[in-house]
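Colleague: Structure: final_3.pdb, PDB, C-alpha atoms, pLDDT in the B column.
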```pdb
ATOM      1  CA  VAL A 485     -35.070  73.530   7.757  1.00 57.00           C
ATOM      2  CA  GLY A 486     -37.726  72.064  10.064  1.00 72.00           C
ATOM      3  CA  ASP A 487     -38.507  69.163   7.711  1.00 81.00           C
ATOM      4  CA  ALA A 488     -34.824  68.281   7.423  1.00 83.00           C
ATOM      5  CA  PHE A 489     -34.471  68.347  11.207  1.00 79.00           C
ATOM      6  CA  LEU A 490     -37.463  66.033  11.723  1.00 80.00           C
ATOM      7  CA  ASN A 491     -36.109  63.658   9.073  1.00 85.00           C
ATOM      8  CA  ARG A 492     -32.655  63.706  10.645  1.00 86.00           C
ATOM      9  CA  ILE A 493     -33.954  62.719  14.079  1.00 84.00           C
ATOM     10  CA  GLY A 494     -36.125  59.969  12.594  1.00 87.00           C
ATOM     11  CA  ILE A 495     -39.681  61.213  13.122  1.00 84.00           C
ATOM     12  CA  PRO A 496     -41.975  59.776  10.420  1.00 87.00           C
ATOM     13  CA  GLN A 497     -43.634  62.404   8.228  1.00 88.00           C
ATOM     14  CA  VAL A 498     -47.114  61.124   9.147  1.00 87.00           C
ATOM     15  CA  GLN A 499     -46.467  62.375  12.697  1.00 79.00           C
ATOM     16  CA  TRP A 500     -45.564  65.907  11.657  1.00 78.00           C
ATOM     17  CA  GLY A 501     -47.880  68.802  12.309  1.00 72.00           C
ATOM     18  CA  ARG A 502     -47.596  72.433  11.304  1.00 68.00           C
ATOM     19  CA  TRP A 503     -48.102  75.339  13.632  1.00 62.00           C
ATOM     20  CA  PRO A 504     -46.820  78.881  13.613  1.00 66.00           C
ATOM     21  CA  TYR A 505     -44.216  80.008  16.054  1.00 72.00           C
ATOM     22  CA  ALA A 506     -46.229  82.866  17.409  1.00 80.00           C
ATOM     23  CA  VAL A 507     -44.969  85.319  19.989  1.00 88.00           C
ATOM     24  CA  ASP A 508     -47.342  87.737  21.659  1.00 91.00           C
ATOM     25  CA  GLU A 509     -45.234  90.835  21.087  1.00 93.00           C
ATOM     26  CA  GLN A 510     -47.380  92.959  23.421  1.00 96.00           C
ATOM     27  CA  PHE A 511     -46.743  90.484  26.251  1.00 96.00           C
ATOM     28  CA  PHE A 512     -42.990  91.111  25.928  1.00 96.00           C
ATOM     29  CA  ALA A 513     -43.149  94.811  24.997  1.00 97.00           C
ATOM     30  CA  PRO A 514     -41.421  97.205  27.392  1.00 97.00           C
ATOM     31  CA  SER A 515     -43.745  98.426  30.122  1.00 97.00           C
ATOM     32  CA  ALA A 516     -43.648 100.063  33.532  1.00 97.00           C
ATOM     33  CA  GLN A 517     -44.707  96.744  35.069  1.00 97.00           C
ATOM     34  CA  HIS A 518     -41.812  94.844  33.442  1.00 97.00           C
ATOM     35  CA  HIS A 519     -39.383  97.602  34.442  1.00 97.00           C
ATOM     36  CA  ALA A 520     -40.538  97.494  38.077  1.00 98.00           C
ATOM     37  CA  ALA A 521     -40.236  93.709  38.140  1.00 97.00           C
ATOM     38  CA  ALA A 522     -36.733  93.970  36.649  1.00 97.00           C
ATOM     39  CA  LEU A 523     -35.705  96.322  39.463  1.00 97.00           C
ATOM     40  CA  GLN A 524     -36.922  93.720  41.962  1.00 98.00           C
ATOM     41  CA  LEU A 525     -34.864  91.063  40.182  1.00 97.00           C
ATOM     42  CA  ARG A 526     -31.775  93.266  40.514  1.00 97.00           C
ATOM     43  CA  GLN A 527     -32.308  93.389  44.267  1.00 97.00           C
ATOM     44  CA  GLN A 528     -33.219  89.720  44.655  1.00 97.00           C
ATOM     45  CA  TRP A 529     -30.244  88.441  42.642  1.00 97.00           C
ATOM     46  CA  HIS A 530     -27.736  91.163  43.683  1.00 96.00           C
ATOM     47  CA  ILE A 531     -27.366  92.420  40.126  1.00 96.00           C
ATOM     48  CA  ASP A 532     -25.636  95.783  39.997  1.00 95.00           C
ATOM     49  CA  ASP A 533     -26.066  98.592  37.451  1.00 93.00           C
ATOM     50  CA  ARG A 534     -23.713  97.139  34.827  1.00 94.00           C
ATOM     51  CA  PRO A 535     -25.410  95.969  31.612  1.00 94.00           C
ATOM     52  CA  VAL A 536     -26.810  92.435  31.574  1.00 96.00           C
ATOM     53  CA  ILE A 537     -26.263  89.806  28.899  1.00 96.00           C
ATOM     54  CA  LEU A 538     -29.149  87.339  28.976  1.00 98.00           C
ATOM     55  CA  ALA A 539     -29.117  83.760  27.723  1.00 97.00           C
ATOM     56  CA  ILE A 540     -32.327  81.732  27.783  1.00 95.00           C
ATOM     57  CA  CYS A 541     -31.648  78.206  26.650  1.00 93.00           C
ATOM     58  CA  LYS A 542     -31.656  74.558  27.479  1.00 93.00           C
ATOM     59  CA  TRP A 543     -28.371  73.638  29.059  1.00 96.00           C
ATOM     60  CA  ASN A 544     -27.513  70.938  26.531  1.00 95.00           C
ATOM     61  CA  ASP A 545     -25.021  70.482  23.704  1.00 95.00           C
ATOM     62  CA  ARG A 546     -27.474  71.553  20.980  1.00 93.00           C
ATOM     63  CA  GLU A 547     -28.249  74.921  22.580  1.00 92.00           C
ATOM     64  CA  ASN A 548     -24.564  75.321  23.470  1.00 92.00           C
ATOM     65  CA  PRO A 549     -24.522  77.597  26.551  1.00 95.00           C
ATOM     66  CA  LEU A 550     -20.855  76.812  27.185  1.00 95.00           C
ATOM     67  CA  GLU A 551     -19.936  78.658  23.975  1.00 93.00           C
ATOM     68  CA  LEU A 552     -21.132  81.912  25.530  1.00 93.00           C
ATOM     69  CA  LEU A 553     -19.024  81.247  28.606  1.00 93.00           C
ATOM     70  CA  GLN A 554     -15.983  80.409  26.472  1.00 91.00           C
ATOM     71  CA  ALA A 555     -16.448  83.673  24.585  1.00 91.00           C
ATOM     72  CA  LEU A 556     -16.462  85.544  27.894  1.00 88.00           C
ATOM     73  CA  GLN A 557     -13.079  84.003  28.707  1.00 85.00           C
ATOM     74  CA  GLN A 558     -11.628  85.594  25.569  1.00 87.00           C
ATOM     75  CA  THR A 559     -12.741  89.105  26.369  1.00 86.00           C
ATOM     76  CA  ASP A 560     -12.851  91.547  29.229  1.00 83.00           C
ATOM     77  CA  ALA A 561     -16.226  90.616  30.723  1.00 77.00           C
ATOM     78  CA  SER A 562     -15.949  93.105  33.592  1.00 81.00           C
ATOM     79  CA  PRO A 563     -18.340  95.664  32.061  1.00 88.00           C
ATOM     80  CA  TRP A 564     -21.042  92.969  31.894  1.00 90.00           C
ATOM     81  CA  GLN A 565     -23.099  90.635  34.023  1.00 94.00           C
ATOM     82  CA  VAL A 566     -24.495  87.432  32.566  1.00 96.00           C
ATOM     83  CA  VAL A 567     -27.836  85.889  33.451  1.00 97.00           C
ATOM     84  CA  MET A 568     -28.190  82.349  32.145  1.00 97.00           C
ATOM     85  CA  ILE A 569     -31.752  81.074  32.461  1.00 97.00           C
ATOM     86  CA  GLY A 570     -32.365  77.387  31.948  1.00 95.00           C
ATOM     87  CA  ASP A 571     -31.397  73.972  33.122  1.00 96.00           C
ATOM     88  CA  GLY A 572     -30.247  70.684  31.727  1.00 96.00           C
ATOM     89  CA  PRO A 573     -27.483  68.112  31.572  1.00 97.00           C
ATOM     90  CA  LEU A 574     -24.694  70.746  31.353  1.00 97.00           C
ATOM     91  CA  ARG A 575     -25.629  72.226  34.759  1.00 96.00           C
ATOM     92  CA  THR A 576     -22.522  70.778  36.459  1.00 97.00           C
ATOM     93  CA  ASN A 577     -20.249  72.110  33.677  1.00 97.00           C
ATOM     94  CA  ILE A 578     -21.777  75.581  33.957  1.00 96.00           C
ATOM     95  CA  GLN A 579     -21.487  75.613  37.749  1.00 96.00           C
ATOM     96  CA  GLN A 580     -17.858  74.470  37.509  1.00 96.00           C
ATOM     97  CA  TRP A 581     -17.132  77.253  35.012  1.00 95.00           C
ATOM     98  CA  GLN A 582     -18.730  79.737  37.403  1.00 94.00           C
ATOM     99  CA  GLN A 583     -16.479  78.570  40.245  1.00 95.00           C
ATOM    100  CA  GLN A 584     -13.370  78.731  38.053  1.00 94.00           C
ATOM    101  CA  HIS A 585     -14.166  82.264  36.814  1.00 92.00           C
ATOM    102  CA  PRO A 586     -15.236  84.359  39.800  1.00 89.00           C
ATOM    103  CA  GLU A 587     -14.216  87.489  37.872  1.00 87.00           C
ATOM    104  CA  VAL A 588     -17.364  87.079  35.726  1.00 90.00           C
ATOM    105  CA  LYS A 589     -20.653  87.934  37.393  1.00 93.00           C
ATOM    106  CA  LEU A 590     -22.750  84.911  36.327  1.00 95.00           C
ATOM    107  CA  ILE A 591     -26.281  84.610  37.681  1.00 97.00           C
ATOM    108  CA  LEU A 592     -27.982  81.217  37.356  1.00 97.00           C
ATOM    109  CA  PRO A 593     -31.676  81.446  38.263  1.00 97.00           C
ATOM    110  CA  GLY A 594     -32.407  78.023  36.726  1.00 94.00           C
ATOM    111  CA  TYR A 595     -35.720  77.372  35.032  1.00 94.00           C
ATOM    112  CA  VAL A 596     -37.995  80.437  34.898  1.00 95.00           C
ATOM    113  CA  PRO A 597     -41.732  80.101  34.112  1.00 93.00           C
ATOM    114  CA  TYR A 598     -42.707  81.600  30.755  1.00 93.00           C
ATOM    115  CA  VAL A 599     -44.940  84.270  32.316  1.00 94.00           C
ATOM    116  CA  GLN A 600     -41.895  85.658  34.181  1.00 96.00           C
ATOM    117  CA  LEU A 601     -39.648  85.992  31.127  1.00 97.00           C
ATOM    118  CA  PRO A 602     -40.685  89.588  30.246  1.00 98.00           C
ATOM    119  CA  GLN A 603     -39.134  90.905  33.470  1.00 97.00           C
ATOM    120  CA  TRP A 604     -35.836  89.172  32.656  1.00 98.00           C
ATOM    121  CA  TYR A 605     -35.843  90.647  29.157  1.00 98.00           C
ATOM    122  CA  ALA A 606     -36.550  94.063  30.734  1.00 97.00           C
ATOM    123  CA  LEU A 607     -33.430  93.573  32.851  1.00 96.00           C
ATOM    124  CA  ALA A 608     -31.189  92.786  29.879  1.00 96.00           C
ATOM    125  CA  LYS A 609     -29.495  94.859  27.198  1.00 92.00           C
ATOM    126  CA  VAL A 610     -28.565  91.884  25.025  1.00 96.00           C
ATOM    127  CA  LEU A 611     -29.868  88.349  24.509  1.00 97.00           C
ATOM    128  CA  VAL A 612     -27.289  85.836  23.284  1.00 96.00           C
ATOM    129  CA  HIS A 613     -28.433  82.541  21.745  1.00 94.00           C
ATOM    130  CA  PRO A 614     -25.295  80.547  20.864  1.00 90.00           C
ATOM    131  CA  ALA A 615     -27.039  77.357  19.689  1.00 92.00           C
ATOM    132  CA  ALA A 616     -25.029  74.802  17.755  1.00 91.00           C
ATOM    133  CA  TYR A 617     -28.266  74.076  15.912  1.00 88.00           C
ATOM    134  CA  GLU A 618     -31.695  75.670  16.373  1.00 87.00           C
ATOM    135  CA  PRO A 619     -34.447  75.317  13.757  1.00 83.00           C
ATOM    136  CA  TRP A 620     -36.188  78.397  15.151  1.00 82.00           C
ATOM    137  CA  GLY A 621     -35.104  80.488  18.138  1.00 84.00           C
ATOM    138  CA  VAL A 622     -38.302  81.815  19.717  1.00 90.00           C
ATOM    139  CA  SER A 623     -36.233  83.686  22.315  1.00 93.00           C
ATOM    140  CA  ILE A 624     -34.866  85.887  19.503  1.00 93.00           C
ATOM    141  CA  HIS A 625     -38.377  87.086  18.628  1.00 93.00           C
ATOM    142  CA  GLU A 626     -39.216  87.556  22.317  1.00 95.00           C
ATOM    143  CA  ALA A 627     -36.043  89.567  22.930  1.00 96.00           C
ATOM    144  CA  LEU A 628     -36.624  91.854  19.968  1.00 95.00           C
ATOM    145  CA  SER A 629     -40.226  92.386  21.118  1.00 96.00           C
ATOM    146  CA  ALA A 630     -38.864  93.364  24.539  1.00 97.00           C
ATOM    147  CA  GLY A 631     -36.432  95.885  23.068  1.00 96.00           C
ATOM    148  CA  CYS A 632     -33.271  93.807  23.547  1.00 96.00           C
ATOM    149  CA  VAL A 633     -30.496  93.475  21.053  1.00 96.00           C
ATOM    150  CA  ALA A 634     -30.313  89.819  19.961  1.00 95.00           C
ATOM    151  CA  VAL A 635     -27.106  88.011  19.038  1.00 94.00           C
ATOM    152  CA  ALA A 636     -27.324  84.475  17.678  1.00 91.00           C
ATOM    153  CA  SER A 637     -25.075  81.992  16.016  1.00 84.00           C
ATOM    154  CA  SER A 638     -25.438  81.530  12.273  1.00 86.00           C
ATOM    155  CA  ARG A 639     -27.014  78.169  13.061  1.00 86.00           C
ATOM    156  CA  VAL A 640     -30.187  79.697  14.567  1.00 87.00           C
ATOM    157  CA  GLY A 641     -33.083  79.638  12.100  1.00 80.00           C
ATOM    158  CA  SER A 642     -34.710  82.887  13.181  1.00 75.00           C
TER     159      SER A 642
END
```
Starting from the coordinates I provided, produce the structure as structure tokens.
Modeller:
Amino acid sequence: VGDAFLNRIGIPQVQWGRWPYAVDEQFFAPSAQHHAAALQLRQQWHIDDRPVILAICKWNDRENPLELLQALQQTDASPWQVVMIGDGPLRTNIQQWQQQHPEVKLILPGYVPYVQLPQWYALAKVLVHPAAYEPWGVSIHEALSAGCVAVASSRVGS
């Protein structure tokens, strides 16, 4: 899958390198520290006790964050809150959707440094990765390491 992707976007094979997608599972594993930090996030971002759906993605067409929002329109989202971490060219579209759908609790913290991700996973019940195409979704491995349920499109390689 990775080779086909690199070919498709025109990167010459002589420039390819191989490396493992490694996730430090202990870094993301549930802990008292992550739980305490998640409680602070709830206070800071006014997140109530309802379950949290987490999306960590680039806000671009390939990673497809708008698909998650469109899915929320087709269901009763009231039992949930959605945290969408990331940034990118679809920011305006996502903010417009948020304004048009005040019935959905959508929290947009923007870009979050990698070292802070475990506390966001500790906050969430479910990670959703709705990518239109993703050779390998590292966030899936991170979420599972953190004890989250992971839901991904069939186009995510992990």
Colleague: Output the residue selection produced by the PyMOL selection byres ((chain A and resi 526-537) around 6) on the file above, formatted as a ChimeraX atom specification.
Modeller: /A:523-525,538,564-566,608-611
Colleague: Would you please work out which residue, of A:Lys589, A:Pro602, A:Arg575, A:Glu547, is nearest to A:Ser637 when using all atoms listed in the file?
Modeller: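 Between A:Lys589, A:Pro602, A:Arg575, A:Glu547, the residue approaching A:Ser637 most closely is A:Glu547.
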Colleague: Selection in question (the file shown): the PyMOL selection byres ((chain A and resi 603) around 9). Which residues does it include, as JSON, numbers by chain?
Modeller: {"A": [512, 517, 518, 519, 520, 521, 522, 523, 525, 599, 600, 601, 602, 604, 605, 606, 607, 608]}
Colleague: For each of A:Pro614, A:Trp581, A:Asn491, A:Ile540, take the minimum atom-to-atom distance to A:Pro597, counting all atoms listed in the file, then give the residue where this is smallest.
Modeller: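 Answer, going by the shortest atom-to-atom distance: A:Ile540.
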Colleague: Measuring between all atoms listed in the file, which one of A:Pro619, A:Asn577, A:Glu587, A:Tyr505 shows the shortest distance to A:Thr559?
Modeller: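 Nearest to A:Thr559: A:Glu587.
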Colleague: Pick out the residues sitting within 9 Å of A:Leu553, and hand them over as JSON, numbers by chain; count only C-alpha atoms, and ignore anything fewer than 4 positions along from it in its own chain.
Modeller: {"A": [549, 557, 578, 581, 582]}
Colleague: Around stretch 491-500 of chain A, fit a box with edges along x, y and z, padding it by 6 Å on each side, then list its centre and edge lengths in Å to one decimal as AutoDock Vina command-line options.
Modeller:
```
--center_x -39.9 --center_y 62.8 --center_z 11.2 --size_x 26.5 --size_y 18.1 --size_z 17.9
```
Colleague: With distances taken over only C-alpha atoms, which of A:Gln579, A:His585, A:Ala506, A:Phe489 is nearest to A:Gly641?
Modeller: A:Phe489
Colleague: Go ahead and compute the interatomic distance for atom CA of A:Pro593 and atom CA of A:Glu618, in Å to one decimal.
Modeller: 22.6 Å
Colleague: Please measure the separation of atom CA of A:Asn544 and atom CA of A:Ala630, giving the value in Å to one decimal.
Modeller: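 Going from atom CA of A:Asn544 over to atom CA of A:Ala630 covers 25.2 Å.
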Colleague: Rank A:Gln583, A:Val567, A:Leu556, A:Val507 by their smallest atom-to-atom distance to A:Tyr598, using all atoms listed in the file, and report the top residue only.
Modeller: A:Val507
Colleague: Would you translate the PyMOL selection byres ((chain A and resi 625) around 12) into the concrete set of residues it matches in this file, as number ranges by chain?
Modeller: A: 505-513, 605, 611, 613, 620-624, 626-636, 640-642
Colleague: Based on the selection just made, write C-alpha atoms of those residues as a short mmCIF file (atom, residue, chain, number, x, y, z; two decimals), in the coordinates of the input.
Modeller:
```cif
data_model
loop_
_atom_site.label_atom_id
_atom_site.label_comp_id
_atom_site.auth_asym_id
_atom_site.auth_seq_id
_atom_site.Cartn_x
_atom_site.Cartn_y
_atom_site.Cartn_z
CA TYR A 505 -44.22 80.01 16.05
CA ALA A 506 -46.23 82.87 17.41
CA VAL A 507 -44.97 85.32 19.99
CA ASP A 508 -47.34 87.74 21.66
CA GLU A 509 -45.23 90.84 21.09
CA GLN A 510 -47.38 92.96 23.42
CA PHE A 511 -46.74 90.48 26.25
CA PHE A 512 -42.99 91.11 25.93
CA ALA A 513 -43.15 94.81 25.00
CA TYR A 605 -35.84 90.65 29.16
CA LEU A 611 -29.87 88.35 24.51
CA HIS A 613 -28.43 82.54 21.74
CA TRP A 620 -36.19 78.40 15.15
CA GLY A 621 -35.10 80.49 18.14
CA VAL A 622 -38.30 81.82 19.72
CA SER A 623 -36.23 83.69 22.32
CA ILE A 624 -34.87 85.89 19.50
CA GLU A 626 -39.22 87.56 22.32
CA ALA A 627 -36.04 89.57 22.93
CA LEU A 628 -36.62 91.85 19.97
CA SER A 629 -40.23 92.39 21.12
CA ALA A 630 -38.86 93.36 24.54
CA GLY A 631 -36.43 95.88 23.07
CA CYS A 632 -33.27 93.81 23.55
CA VAL A 633 -30.50 93.48 21.05
CA ALA A 634 -30.31 89.82 19.96
CA VAL A 635 -27.11 88.01 19.04
CA ALA A 636 -27.32 84.48 17.68
CA VAL A 640 -30.19 79.70 14.57
CA GLY A 641 -33.08 79.64 12.10
CA SER A 642 -34.71 82.89 13.18
#
```
Colleague: Any idea what the distance is between atom CA of A:Asp571 and atom CA of A:Pro496?
Modeller: 28.8 Å
Colleague: Which residue is closest to A:Ala555? Choose from A:Val588, A:Tyr595, A:Ser515, A:Leu490 and count all atoms listed in the file.
Modeller: A:Val588
Colleague: From the block I gave, I'd like stretch 495-572 of chain A written with C-alpha atoms, as a PDB file, in the first residue's frame.
Modeller:
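The resulting file, out09.pdb, is shown below:
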```pdb
ATOM      1  CA  ILE A 495       8.117  10.289  -5.479  1.00  0.00           C
ATOM      2  CA  PRO A 496      10.992   8.443  -7.200  1.00  0.00           C
ATOM      3  CA  GLN A 497      11.818   5.067  -5.658  1.00  0.00           C
ATOM      4  CA  VAL A 498      15.433   6.125  -5.020  1.00  0.00           C
ATOM      5  CA  GLN A 499      14.088   8.615  -2.457  1.00  0.00           C
ATOM      6  CA  TRP A 500      12.109   6.049  -0.490  1.00  0.00           C
ATOM      7  CA  GLY A 501      13.211   4.909   2.924  1.00  0.00           C
ATOM      8  CA  ARG A 502      11.772   2.257   5.198  1.00  0.00           C
ATOM      9  CA  TRP A 503      11.035   2.745   8.850  1.00  0.00           C
ATOM     10  CA  PRO A 504       8.610   1.090  11.211  1.00  0.00           C
ATOM     11  CA  TYR A 505       5.577   2.901  12.448  1.00  0.00           C
ATOM     12  CA  ALA A 506       6.347   2.416  16.085  1.00  0.00           C
ATOM     13  CA  VAL A 507       4.096   3.536  18.903  1.00  0.00           C
ATOM     14  CA  ASP A 508       5.329   3.505  22.473  1.00  0.00           C
ATOM     15  CA  GLU A 509       2.335   1.686  23.920  1.00  0.00           C
ATOM     16  CA  GLN A 510       3.400   2.396  27.516  1.00  0.00           C
ATOM     17  CA  PHE A 511       3.420   6.134  26.766  1.00  0.00           C
ATOM     18  CA  PHE A 512      -0.275   5.944  25.818  1.00  0.00           C
ATOM     19  CA  ALA A 513      -1.330   3.273  28.336  1.00  0.00           C
ATOM     20  CA  PRO A 514      -3.982   4.315  30.853  1.00  0.00           C
ATOM     21  CA  SER A 515      -2.470   5.798  33.994  1.00  0.00           C
ATOM     22  CA  ALA A 516      -3.424   7.915  36.981  1.00  0.00           C
ATOM     23  CA  GLN A 517      -1.416  10.786  35.488  1.00  0.00           C
ATOM     24  CA  HIS A 518      -3.319  10.650  32.172  1.00  0.00           C
ATOM     25  CA  HIS A 519      -6.631  10.386  34.035  1.00  0.00           C
ATOM     26  CA  ALA A 520      -5.830  13.438  36.179  1.00  0.00           C
ATOM     27  CA  ALA A 521      -4.803  15.422  33.108  1.00  0.00           C
ATOM     28  CA  ALA A 522      -8.036  14.386  31.365  1.00  0.00           C
ATOM     29  CA  LEU A 523     -10.056  15.732  34.301  1.00  0.00           C
ATOM     30  CA  GLN A 524      -8.232  19.053  33.916  1.00  0.00           C
ATOM     31  CA  LEU A 525      -9.078  19.076  30.209  1.00  0.00           C
ATOM     32  CA  ARG A 526     -12.756  18.587  31.068  1.00  0.00           C
ATOM     33  CA  GLN A 527     -12.625  21.691  33.244  1.00  0.00           C
ATOM     34  CA  GLN A 528     -10.534  23.766  30.843  1.00  0.00           C
ATOM     35  CA  TRP A 529     -12.695  22.996  27.796  1.00  0.00           C
ATOM     36  CA  HIS A 530     -16.072  22.793  29.624  1.00  0.00           C
ATOM     37  CA  ILE A 531     -16.546  19.149  28.697  1.00  0.00           C
ATOM     38  CA  ASP A 532     -19.318  17.537  30.707  1.00  0.00           C
ATOM     39  CA  ASP A 533     -19.671  13.898  31.794  1.00  0.00           C
ATOM     40  CA  ARG A 534     -21.137  12.624  28.513  1.00  0.00           C
ATOM     41  CA  PRO A 535     -18.869  10.268  26.541  1.00  0.00           C
ATOM     42  CA  VAL A 536     -16.332  11.857  24.198  1.00  0.00           C
ATOM     43  CA  ILE A 537     -15.699  10.936  20.576  1.00  0.00           C
ATOM     44  CA  LEU A 538     -12.155  11.931  19.645  1.00  0.00           C
ATOM     45  CA  ALA A 539     -10.834  12.653  16.164  1.00  0.00           C
ATOM     46  CA  ILE A 540      -7.138  13.377  15.682  1.00  0.00           C
ATOM     47  CA  CYS A 541      -6.450  14.244  12.083  1.00  0.00           C
ATOM     48  CA  LYS A 542      -5.249  16.784   9.613  1.00  0.00           C
ATOM     49  CA  TRP A 543      -8.133  18.954   8.561  1.00  0.00           C
ATOM     50  CA  ASN A 544      -7.779  18.228   4.851  1.00  0.00           C
ATOM     51  CA  ASP A 545      -9.704  16.295   2.211  1.00  0.00           C
ATOM     52  CA  ARG A 546      -7.550  13.157   2.521  1.00  0.00           C
ATOM     53  CA  GLU A 547      -8.132  12.760   6.263  1.00  0.00           C
ATOM     54  CA  ASN A 548     -11.790  13.717   5.773  1.00  0.00           C
ATOM     55  CA  PRO A 549     -12.885  15.227   9.119  1.00  0.00           C
ATOM     56  CA  LEU A 550     -16.092  16.556   7.565  1.00  0.00           C
ATOM     57  CA  GLU A 551     -17.314  12.973   7.093  1.00  0.00           C
ATOM     58  CA  LEU A 552     -17.460  12.549  10.866  1.00  0.00           C
ATOM     59  CA  LEU A 553     -19.463  15.749  11.173  1.00  0.00           C
ATOM     60  CA  GLN A 554     -21.828  14.662   8.393  1.00  0.00           C
ATOM     61  CA  ALA A 555     -22.364  11.356  10.186  1.00  0.00           C
ATOM     62  CA  LEU A 556     -23.286  13.258  13.345  1.00  0.00           C
ATOM     63  CA  GLN A 557     -25.980  15.090  11.380  1.00  0.00           C
ATOM     64  CA  GLN A 558     -27.616  11.752  10.561  1.00  0.00           C
ATOM     65  CA  THR A 559     -27.865  10.560  14.127  1.00  0.00           C
ATOM     66  CA  ASP A 560     -28.857  11.781  17.545  1.00  0.00           C
ATOM     67  CA  ALA A 561     -25.511  13.169  18.714  1.00  0.00           C
ATOM     68  CA  SER A 562     -26.881  14.416  22.042  1.00  0.00           C
ATOM     69  CA  PRO A 563     -25.404  11.562  24.113  1.00  0.00           C
ATOM     70  CA  TRP A 564     -21.931  12.481  22.814  1.00  0.00           C
ATOM     71  CA  GLN A 565     -19.384  15.259  22.742  1.00  0.00           C
ATOM     72  CA  VAL A 566     -16.843  15.464  19.944  1.00  0.00           C
ATOM     73  CA  VAL A 567     -13.264  16.641  20.308  1.00  0.00           C
ATOM     74  CA  MET A 568     -11.592  17.256  16.964  1.00  0.00           C
ATOM     75  CA  ILE A 569      -7.850  17.786  17.328  1.00  0.00           C
ATOM     76  CA  GLY A 570      -5.954  19.128  14.356  1.00  0.00           C
ATOM     77  CA  ASP A 571      -5.774  21.952  11.911  1.00  0.00           C
ATOM     78  CA  GLY A 572      -5.587  22.525   8.208  1.00  0.00           C
TER      79      GLY A 572
END
```
